[in-house]
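Pasted below: query14.pdb, PDB, C-alpha atoms.
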```
ATOM      1  CA  MET A 666     -14.050 -11.142  15.183  1.00  0.00           C
ATOM      2  CA  LEU A 667     -15.500 -14.060  13.262  1.00  0.00           C
ATOM      3  CA  PHE A 668     -14.764 -16.286  16.247  1.00  0.00           C
ATOM      4  CA  VAL A 669     -16.904 -14.070  18.507  1.00  0.00           C
ATOM      5  CA  VAL A 670     -19.779 -14.162  16.010  1.00  0.00           C
ATOM      6  CA  LEU A 671     -19.514 -17.961  15.775  1.00  0.00           C
ATOM      7  CA  LEU A 672     -19.692 -18.268  19.573  1.00  0.00           C
ATOM      8  CA  LEU A 673     -22.748 -15.990  19.697  1.00  0.00           C
ATOM      9  CA  VAL A 674     -24.521 -18.015  17.001  1.00  0.00           C
ATOM     10  CA  LEU A 675     -23.735 -21.262  18.829  1.00  0.00           C
ATOM     11  CA  ALA A 676     -25.043 -19.705  22.055  1.00  0.00           C
ATOM     12  CA  ALA A 677     -28.234 -18.679  20.233  1.00  0.00           C
ATOM     13  CA  LEU A 678     -28.699 -22.239  18.979  1.00  0.00           C
ATOM     14  CA  GLY A 679     -27.950 -23.578  22.442  1.00  0.00           C
ATOM     15  CA  LEU A 680     -30.618 -21.300  23.938  1.00  0.00           C
ATOM     16  CA  LEU A 681     -33.112 -22.264  21.254  1.00  0.00           C
ATOM     17  CA  VAL A 682     -33.096 -25.934  22.283  1.00  0.00           C
ATOM     18  CA  PRO A 683     -34.404 -25.313  25.839  1.00  0.00           C
ATOM     19  CA  ALA A 684     -36.867 -22.762  24.437  1.00  0.00           C
ATOM     20  CA  LEU A 685     -38.404 -25.411  22.191  1.00  0.00           C
ATOM     21  CA  THR A 686     -38.347 -28.212  24.742  1.00  0.00           C
ATOM     22  CA  THR A 687     -39.689 -26.271  27.751  1.00  0.00           C
ATOM     23  CA  SER A 688     -41.975 -23.773  25.971  1.00  0.00           C
ATOM     24  CA  ASN A 689     -40.449 -21.065  28.170  1.00  0.00           C
ATOM     25  CA  THR A 690     -40.297 -17.688  26.383  1.00  0.00           C
ATOM     26  CA  ILE A 691     -37.274 -16.425  28.331  1.00  0.00           C
ATOM     27  CA  TRP A 692     -35.087 -18.985  26.524  1.00  0.00           C
ATOM     28  CA  ALA A 693     -36.497 -17.948  23.152  1.00  0.00           C
ATOM     29  CA  TRP A 694     -35.890 -14.256  23.823  1.00  0.00           C
ATOM     30  CA  SER A 695     -32.387 -15.023  25.024  1.00  0.00           C
ATOM     31  CA  SER A 696     -31.740 -16.852  21.741  1.00  0.00           C
ATOM     32  CA  VAL A 697     -33.069 -13.894  19.769  1.00  0.00           C
ATOM     33  CA  GLY A 698     -30.876 -11.534  21.827  1.00  0.00           C
ATOM     34  CA  ALA A 699     -27.752 -13.605  21.121  1.00  0.00           C
ATOM     35  CA  SER A 700     -28.601 -13.623  17.399  1.00  0.00           C
ATOM     36  CA  VAL A 701     -29.101  -9.839  17.349  1.00  0.00           C
ATOM     37  CA  LEU A 702     -25.831  -9.354  19.214  1.00  0.00           C
ATOM     38  CA  ALA A 703     -24.038 -11.541  16.623  1.00  0.00           C
ATOM     39  CA  ALA A 704     -25.553  -9.437  13.825  1.00  0.00           C
ATOM     40  CA  LEU A 705     -24.446  -6.213  15.551  1.00  0.00           C
ATOM     41  CA  VAL A 706     -20.896  -7.529  15.921  1.00  0.00           C
ATOM     42  CA  LEU A 707     -20.835  -8.434  12.217  1.00  0.00           C
ATOM     43  CA  ALA A 708     -22.160  -4.999  11.236  1.00  0.00           C
ATOM     44  CA  TRP A 709     -19.622  -3.244  13.479  1.00  0.00           C
ATOM     45  CA  ASP A 710     -16.783  -5.298  11.992  1.00  0.00           C
ATOM     46  CA  TRP A 711     -17.957  -4.537   8.441  1.00  0.00           C
ATOM     47  CA  TRP A 712     -18.230  -0.819   9.247  1.00  0.00           C
ATOM     48  CA  ARG A 713     -14.717  -0.847  10.671  1.00  0.00           C
ATOM     49  CA  ARG A 714     -13.307  -2.535   7.547  1.00  0.00           C
ATOM     50  CA  ARG A 715     -15.511  -1.018   4.864  1.00  0.00           C
ATOM     51  CA  PRO A 716     -13.749  -0.436   1.512  1.00  0.00           C
ATOM     52  CA  GLY A 717     -14.320   3.323   1.307  1.00  0.00           C
ATOM     53  CA  ASP A 718     -12.948   4.087   4.782  1.00  0.00           C
ATOM     54  CA  PRO A 719     -10.281   6.810   4.308  1.00  0.00           C
ATOM     55  CA  ALA A 720      -8.288   5.649   7.327  1.00  0.00           C
ATOM     56  CA  ALA A 721      -8.161   2.061   6.040  1.00  0.00           C
ATOM     57  CA  VAL A 722      -7.226   3.236   2.534  1.00  0.00           C
ATOM     58  CA  ALA A 723      -4.488   5.533   3.855  1.00  0.00           C
ATOM     59  CA  GLN A 724      -3.102   2.753   6.025  1.00  0.00           C
ATOM     60  CA  SER A 725      -3.065   0.284   3.114  1.00  0.00           C
ATOM     61  CA  VAL A 726      -1.397   2.873   0.835  1.00  0.00           C
ATOM     62  CA  ASP A 727       1.296   3.474   3.474  1.00  0.00           C
ATOM     63  CA  GLN A 728       1.845  -0.253   3.912  1.00  0.00           C
ATOM     64  CA  GLN A 729       2.096  -0.728   0.150  1.00  0.00           C
ATOM     65  CA  ALA A 730       4.575   2.151  -0.163  1.00  0.00           C
ATOM     66  CA  VAL A 731       6.783   0.591   2.505  1.00  0.00           C
ATOM     67  CA  ALA A 732       6.521  -2.798   0.791  1.00  0.00           C
ATOM     68  CA  ASP A 733       7.398  -1.183  -2.567  1.00  0.00           C
ATOM     69  CA  ASP A 734      10.472   0.467  -1.081  1.00  0.00           C
ATOM     70  CA  GLN A 735      11.557  -2.813   0.494  1.00  0.00           C
ATOM     71  CA  ARG A 736      11.130  -4.660  -2.825  1.00  0.00           C
ATOM     72  CA  VAL A 737      13.083  -1.948  -4.621  1.00  0.00           C
ATOM     73  CA  VAL A 738      15.935  -2.173  -2.130  1.00  0.00           C
ATOM     74  CA  ALA A 739      15.983  -5.982  -2.265  1.00  0.00           C
ATOM     75  CA  SER A 740      15.959  -6.121  -6.067  1.00  0.00           C
ATOM     76  CA  ALA A 741      18.457  -3.290  -6.339  1.00  0.00           C
ATOM     77  CA  GLU A 742      20.943  -5.010  -4.070  1.00  0.00           C
ATOM     78  CA  ALA A 743      20.893  -8.022  -6.362  1.00  0.00           C
ATOM     79  CA  ASP A 744      21.726  -6.147  -9.561  1.00  0.00           C
ATOM     80  CA  THR A 745      23.610  -3.012  -8.494  1.00  0.00           C
ATOM     81  CA  PRO A 746      26.272  -2.003 -11.016  1.00  0.00           C
ATOM     82  CA  PRO A 747      29.802  -1.209  -9.805  1.00  0.00           C
ATOM     83  CA  ALA A 748      30.327   2.211  -8.190  1.00  0.00           C
ATOM     84  CA  ASP A 749      32.336   3.653 -11.095  1.00  0.00           C
ATOM     85  CA  GLU A 750      29.791   2.530 -13.695  1.00  0.00           C
ATOM     86  CA  GLU A 751      26.547   4.384 -14.507  1.00  0.00           C
ATOM     87  CA  PRO A 752      23.397   2.295 -13.908  1.00  0.00           C
ATOM     88  CA  PRO A 753      21.306   1.530 -16.990  1.00  0.00           C
ATOM     89  CA  GLU A 754      18.209   3.552 -17.846  1.00  0.00           C
ATOM     90  CA  GLU A 755      14.774   2.268 -16.799  1.00  0.00           C
ATOM     91  CA  ASP A 756      12.569   1.366 -19.753  1.00  0.00           C
ATOM     92  CA  THR A 757       9.387   3.374 -19.066  1.00  0.00           C
ATOM     93  CA  ASP A 758       6.056   2.818 -20.794  1.00  0.00           C
ATOM     94  CA  ALA A 759       4.636   5.840 -22.714  1.00  0.00           C
ATOM     95  CA  ALA A 760       1.472   5.863 -20.564  1.00  0.00           C
ATOM     96  CA  ASP A 761       3.615   5.928 -17.429  1.00  0.00           C
ATOM     97  CA  LEU A 762       5.667   8.818 -18.859  1.00  0.00           C
ATOM     98  CA  LEU A 763       2.509  10.904 -19.071  1.00  0.00           C
ATOM     99  CA  VAL A 764       1.762  10.224 -15.406  1.00  0.00           C
ATOM    100  CA  VAL A 765       5.363  10.896 -14.313  1.00  0.00           C
ATOM    101  CA  ALA A 766       5.371  14.232 -16.154  1.00  0.00           C
ATOM    102  CA  ASP A 767       2.725  15.536 -13.719  1.00  0.00           C
ATOM    103  CA  LEU A 768       4.139  14.117 -10.466  1.00  0.00           C
ATOM    104  CA  VAL A 769       5.908  16.240  -7.865  1.00  0.00           C
ATOM    105  CA  ASP A 770       7.328  13.380  -5.768  1.00  0.00           C
ATOM    106  CA  GLU A 771      10.953  13.883  -4.806  1.00  0.00           C
ATOM    107  CA  VAL A 772      13.707  11.918  -6.514  1.00  0.00           C
ATOM    108  CA  ARG A 773      17.471  12.066  -5.925  1.00  0.00           C
ATOM    109  CA  VAL A 774      20.064  13.134  -8.513  1.00  0.00           C
ATOM    110  CA  LEU A 775      23.855  13.265  -8.511  1.00  0.00           C
ATOM    111  CA  ASP A 776      25.760  16.175  -9.918  1.00  0.00           C
ATOM    112  CA  GLU A 777      27.212  15.371 -13.353  1.00  0.00           C
ATOM    113  CA  ARG A 778      25.246  12.089 -13.614  1.00  0.00           C
ATOM    114  CA  PRO A 779      22.294  11.541 -16.012  1.00  0.00           C
ATOM    115  CA  ARG A 780      19.993   9.391 -13.842  1.00  0.00           C
ATOM    116  CA  TYR A 781      17.467  10.135 -11.124  1.00  0.00           C
ATOM    117  CA  HIS A 782      16.818   7.666  -8.315  1.00  0.00           C
ATOM    118  CA  LEU A 783      14.559   6.819  -5.389  1.00  0.00           C
ATOM    119  CA  SER A 784      16.084   7.739  -2.041  1.00  0.00           C
ATOM    120  CA  SER A 785      16.311   3.998  -1.249  1.00  0.00           C
ATOM    121  CA  CYS A 786      18.418   3.197  -4.345  1.00  0.00           C
ATOM    122  CA  SER A 787      21.437   1.081  -3.438  1.00  0.00           C
ATOM    123  CA  TRP A 788      23.498   2.669  -6.229  1.00  0.00           C
ATOM    124  CA  LEU A 789      23.428   5.976  -4.332  1.00  0.00           C
ATOM    125  CA  ALA A 790      25.134   4.425  -1.282  1.00  0.00           C
ATOM    126  CA  GLY A 791      27.006   7.220   0.453  1.00  0.00           C
ATOM    127  CA  ARG A 792      27.046   9.593  -2.515  1.00  0.00           C
ATOM    128  CA  PRO A 793      25.994  13.235  -2.017  1.00  0.00           C
ATOM    129  CA  THR A 794      22.637  13.749  -3.735  1.00  0.00           C
ATOM    130  CA  LEU A 795      20.224  16.564  -4.442  1.00  0.00           C
ATOM    131  CA  GLY A 796      16.449  16.267  -4.113  1.00  0.00           C
ATOM    132  CA  LEU A 797      14.270  17.370  -7.038  1.00  0.00           C
ATOM    133  CA  PRO A 798      10.637  16.879  -7.978  1.00  0.00           C
ATOM    134  CA  VAL A 799      10.480  14.121 -10.608  1.00  0.00           C
ATOM    135  CA  GLN A 800       8.734  16.545 -12.976  1.00  0.00           C
ATOM    136  CA  GLU A 801      11.690  18.946 -12.781  1.00  0.00           C
ATOM    137  CA  ALA A 802      14.233  16.130 -13.091  1.00  0.00           C
ATOM    138  CA  ARG A 803      12.538  15.069 -16.331  1.00  0.00           C
ATOM    139  CA  GLN A 804      12.565  18.660 -17.618  1.00  0.00           C
ATOM    140  CA  LEU A 805      16.298  18.860 -16.880  1.00  0.00           C
ATOM    141  CA  GLN A 806      16.806  15.762 -19.082  1.00  0.00           C
ATOM    142  CA  PHE A 807      17.534  13.308 -16.260  1.00  0.00           C
ATOM    143  CA  THR A 808      16.449   9.726 -16.995  1.00  0.00           C
ATOM    144  CA  PRO A 809      15.213   7.051 -14.545  1.00  0.00           C
ATOM    145  CA  CYS A 810      17.589   4.508 -13.011  1.00  0.00           C
ATOM    146  CA  ALA A 811      16.973   0.854 -13.891  1.00  0.00           C
ATOM    147  CA  VAL A 812      18.245  -0.316 -10.498  1.00  0.00           C
ATOM    148  CA  CYS A 813      15.590   1.370  -8.323  1.00  0.00           C
ATOM    149  CA  ARG A 814      12.985   1.878 -11.102  1.00  0.00           C
ATOM    150  CA  PRO A 815      11.611   5.247  -9.871  1.00  0.00           C
ATOM    151  CA  ASP A 816       9.083   5.732 -12.685  1.00  0.00           C
ATOM    152  CA  ALA A 817       7.384   2.374 -12.119  1.00  0.00           C
ATOM    153  CA  THR A 818       7.317   2.863  -8.339  1.00  0.00           C
ATOM    154  CA  LEU A 819       6.025   6.446  -8.447  1.00  0.00           C
ATOM    155  CA  VAL A 820       3.353   5.643 -11.046  1.00  0.00           C
ATOM    156  CA  ARG A 821       2.159   2.655  -8.988  1.00  0.00           C
ATOM    157  CA  ARG A 822       1.948   4.855  -5.866  1.00  0.00           C
ATOM    158  CA  SER A 823       0.122   7.584  -7.773  1.00  0.00           C
ATOM    159  CA  ARG A 824      -2.450   5.161  -9.175  1.00  0.00           C
ATOM    160  CA  THR A 825      -2.978   3.547  -5.774  1.00  0.00           C
ATOM    161  CA  GLU A 826      -3.504   6.915  -4.081  1.00  0.00           C
ATOM    162  CA  SER A 827      -5.971   8.064  -6.744  1.00  0.00           C
ATOM    163  CA  LYS A 828      -8.241   5.035  -6.203  1.00  0.00           C
TER     164      LYS A 828
END
```

Would you mind writing the file out in structure tokens?
Amino acid sequence: MLFVVLLLVLAALGLLVPALTTSNTIWAWSSVGASVLAALVLAWDWWRRRPGDPAAVAQSVDQQAVADDQRVVASAEADTPPADEEPPEEDTDAADLLVVADLVDEVRVLDERPRYHLSSCSWLAGRPTLGLPVQEARQLQFTPCAVCRPDATLVRRSRTESK
């Protein structure tokens, strides 16, 4: 878009030179028209990308959620504990605990295991899981997995969506 505006401004300057040298008003008005068109293109581009646009915000939130899930999977693959061993508990900040206590996002739990996980957690690989709201998982005394870090991910998503 910036390239189009630059071309229009250069065209306006190019039209201004004959307007000044020939004293012909058609060249001057053409230069003004090209300048106005460049301003309109800039305004249209700003309107399309304005910060408060709900569509742009929703798209950026979705892109960030996908990026978060990909980072979680990549980091989890690097430090996944053996299948017979329970993953460690995520160390969650007290402020984040208050946010997590009110969330209804779904997490995955295994029967007879104390941790809850994101659906993308590599430790879950092929195990039968149950979906629960994170609020209910907390009430049932489940704790977050340190491999997929569900509390940190869900709190980050919640704060991004509330902005």

I'd like the box whose edges run along x, y and z of the file and which contains every listed atom of stretch 760-777 of chain A, padded by 8 Å per side; could you state its centre and edge lengths in Å, one decimal, as AutoDock Vina command-line options?
```
--center_x 14.3 --center_y 11.1 --center_z -12.7 --size_x 41.7 --size_y 26.4 --size_z 31.8
```

I want to know what sits within 8 Å of A:Phe807, based on all atoms listed in the file, with residues of the same chain fewer than 6 positions away left out; could you give that as a tab-separated table (two decimals) with C-alpha atoms, in the coordinates of the input?
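Here's the written file out_3.tsv:
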```
chain	number	residue	atom	x	y	z
A	779	PRO	CA	22.29	11.54	-16.01
A	780	ARG	CA	19.99	9.39	-13.84
A	781	TYR	CA	17.47	10.14	-11.12
```

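Residues lying within 10 Å of A:Trp692, counting only C-alpha atoms and ignoring same-chain neighbours fewer than 2 positions away, are Ala677, Gly679, Leu680, Leu681, Val682, Pro683, Ala684, Leu685, Thr686, Thr687, Ser688, Asn689, Thr690, Trp694, Ser695, Ser696, Val697 and Gly698 of chain A.
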
### Task
Give the answer as one residue: which of A:Cys810, A:Leu775, A:Ala699, A:Ala766 has the shortest atom-to-atom distance to A:Arg792, using only C-alpha atoms?
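Between A:Cys810, A:Leu775, A:Ala699, A:Ala766, the residue approaching A:Arg792 most closely is A:Leu775.
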
#### Entry: Contacts of stretch 749-761 of chain A within 9 Å, only C-alpha atoms, excl. fewer than 6 positions in-chain, as a list in words
Arg778, Pro779, Arg780, Trp788, Thr808, Pro809, Cys810, Ala811, Val812, Cys813, Arg814, Pro815, Asp816, Ala817 and Val820 of chain A

Keeping only C-alpha atoms, write those residues as a compact mmCIF listing (two decimals), in the frame of the given file.
```txt
# COMPACT_ATOMS: atom_id res chain seq x y z
CA ARG A 778 25.25 12.09 -13.61
CA PRO A 779 22.29 11.54 -16.01
CA ARG A 780 19.99 9.39 -13.84
CA TRP A 788 23.50 2.67 -6.23
CA THR A 808 16.45 9.73 -17.00
CA PRO A 809 15.21 7.05 -14.54
CA CYS A 810 17.59 4.51 -13.01
CA ALA A 811 16.97 0.85 -13.89
CA VAL A 812 18.24 -0.32 -10.50
CA CYS A 813 15.59 1.37 -8.32
CA ARG A 814 12.98 1.88 -11.10
CA PRO A 815 11.61 5.25 -9.87
CA ASP A 816 9.08 5.73 -12.68
CA ALA A 817 7.38 2.37 -12.12
CA VAL A 820 3.35 5.64 -11.05
```

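Going from atom CA of A:Leu673 over to atom CA of A:Ala704, you cover 9.2 Å.
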
### Task
Compare A:Leu795, A:Val772, A:Val764, A:Val669 by their minimum atom-to-atom distance to A:Ser827, counting all atoms listed in the file, and give me the closest one.
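The answer is A:Val764, which sits nearest to A:Ser827.
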
### Task
Would you kindly return, as a list in words, each protein, DNA or RNA residue with an atom no farther than 10 Å from any atom of A:Val670, considering all atoms listed in the file and excluding same-chain residues fewer than 4 positions away?
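Once the adjacent positions are removed, what remains is Met666, Val674, Leu675, Ala676, Ala699, Ser700, Leu702, Ala703, Ala704, Leu705, Val706 and Leu707 of chain A.
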
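Note that atom CA of A:Thr794 and atom CA of A:Val765 are 20.5 Å apart.
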
### Task
Give me, please, the distance in Å between atom CA of A:Val799 and atom CA of A:Leu768, quoted to one decimal.
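For atom CA of A:Val799 relative to atom CA of A:Leu768, the distance reads 6.3 Å.
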
### Query
Taking into account only C-alpha atoms, which residue in the set A:Val774, A:Val769, A:Leu667, A:Leu763 is nearest to A:Leu789?
A:Val774

### Message
Nearest residue to A:Phe668 out of A:Glu777, A:Asp710, A:Asp770, A:Glu801, using only C-alpha atoms?
### Response
A:Asp710
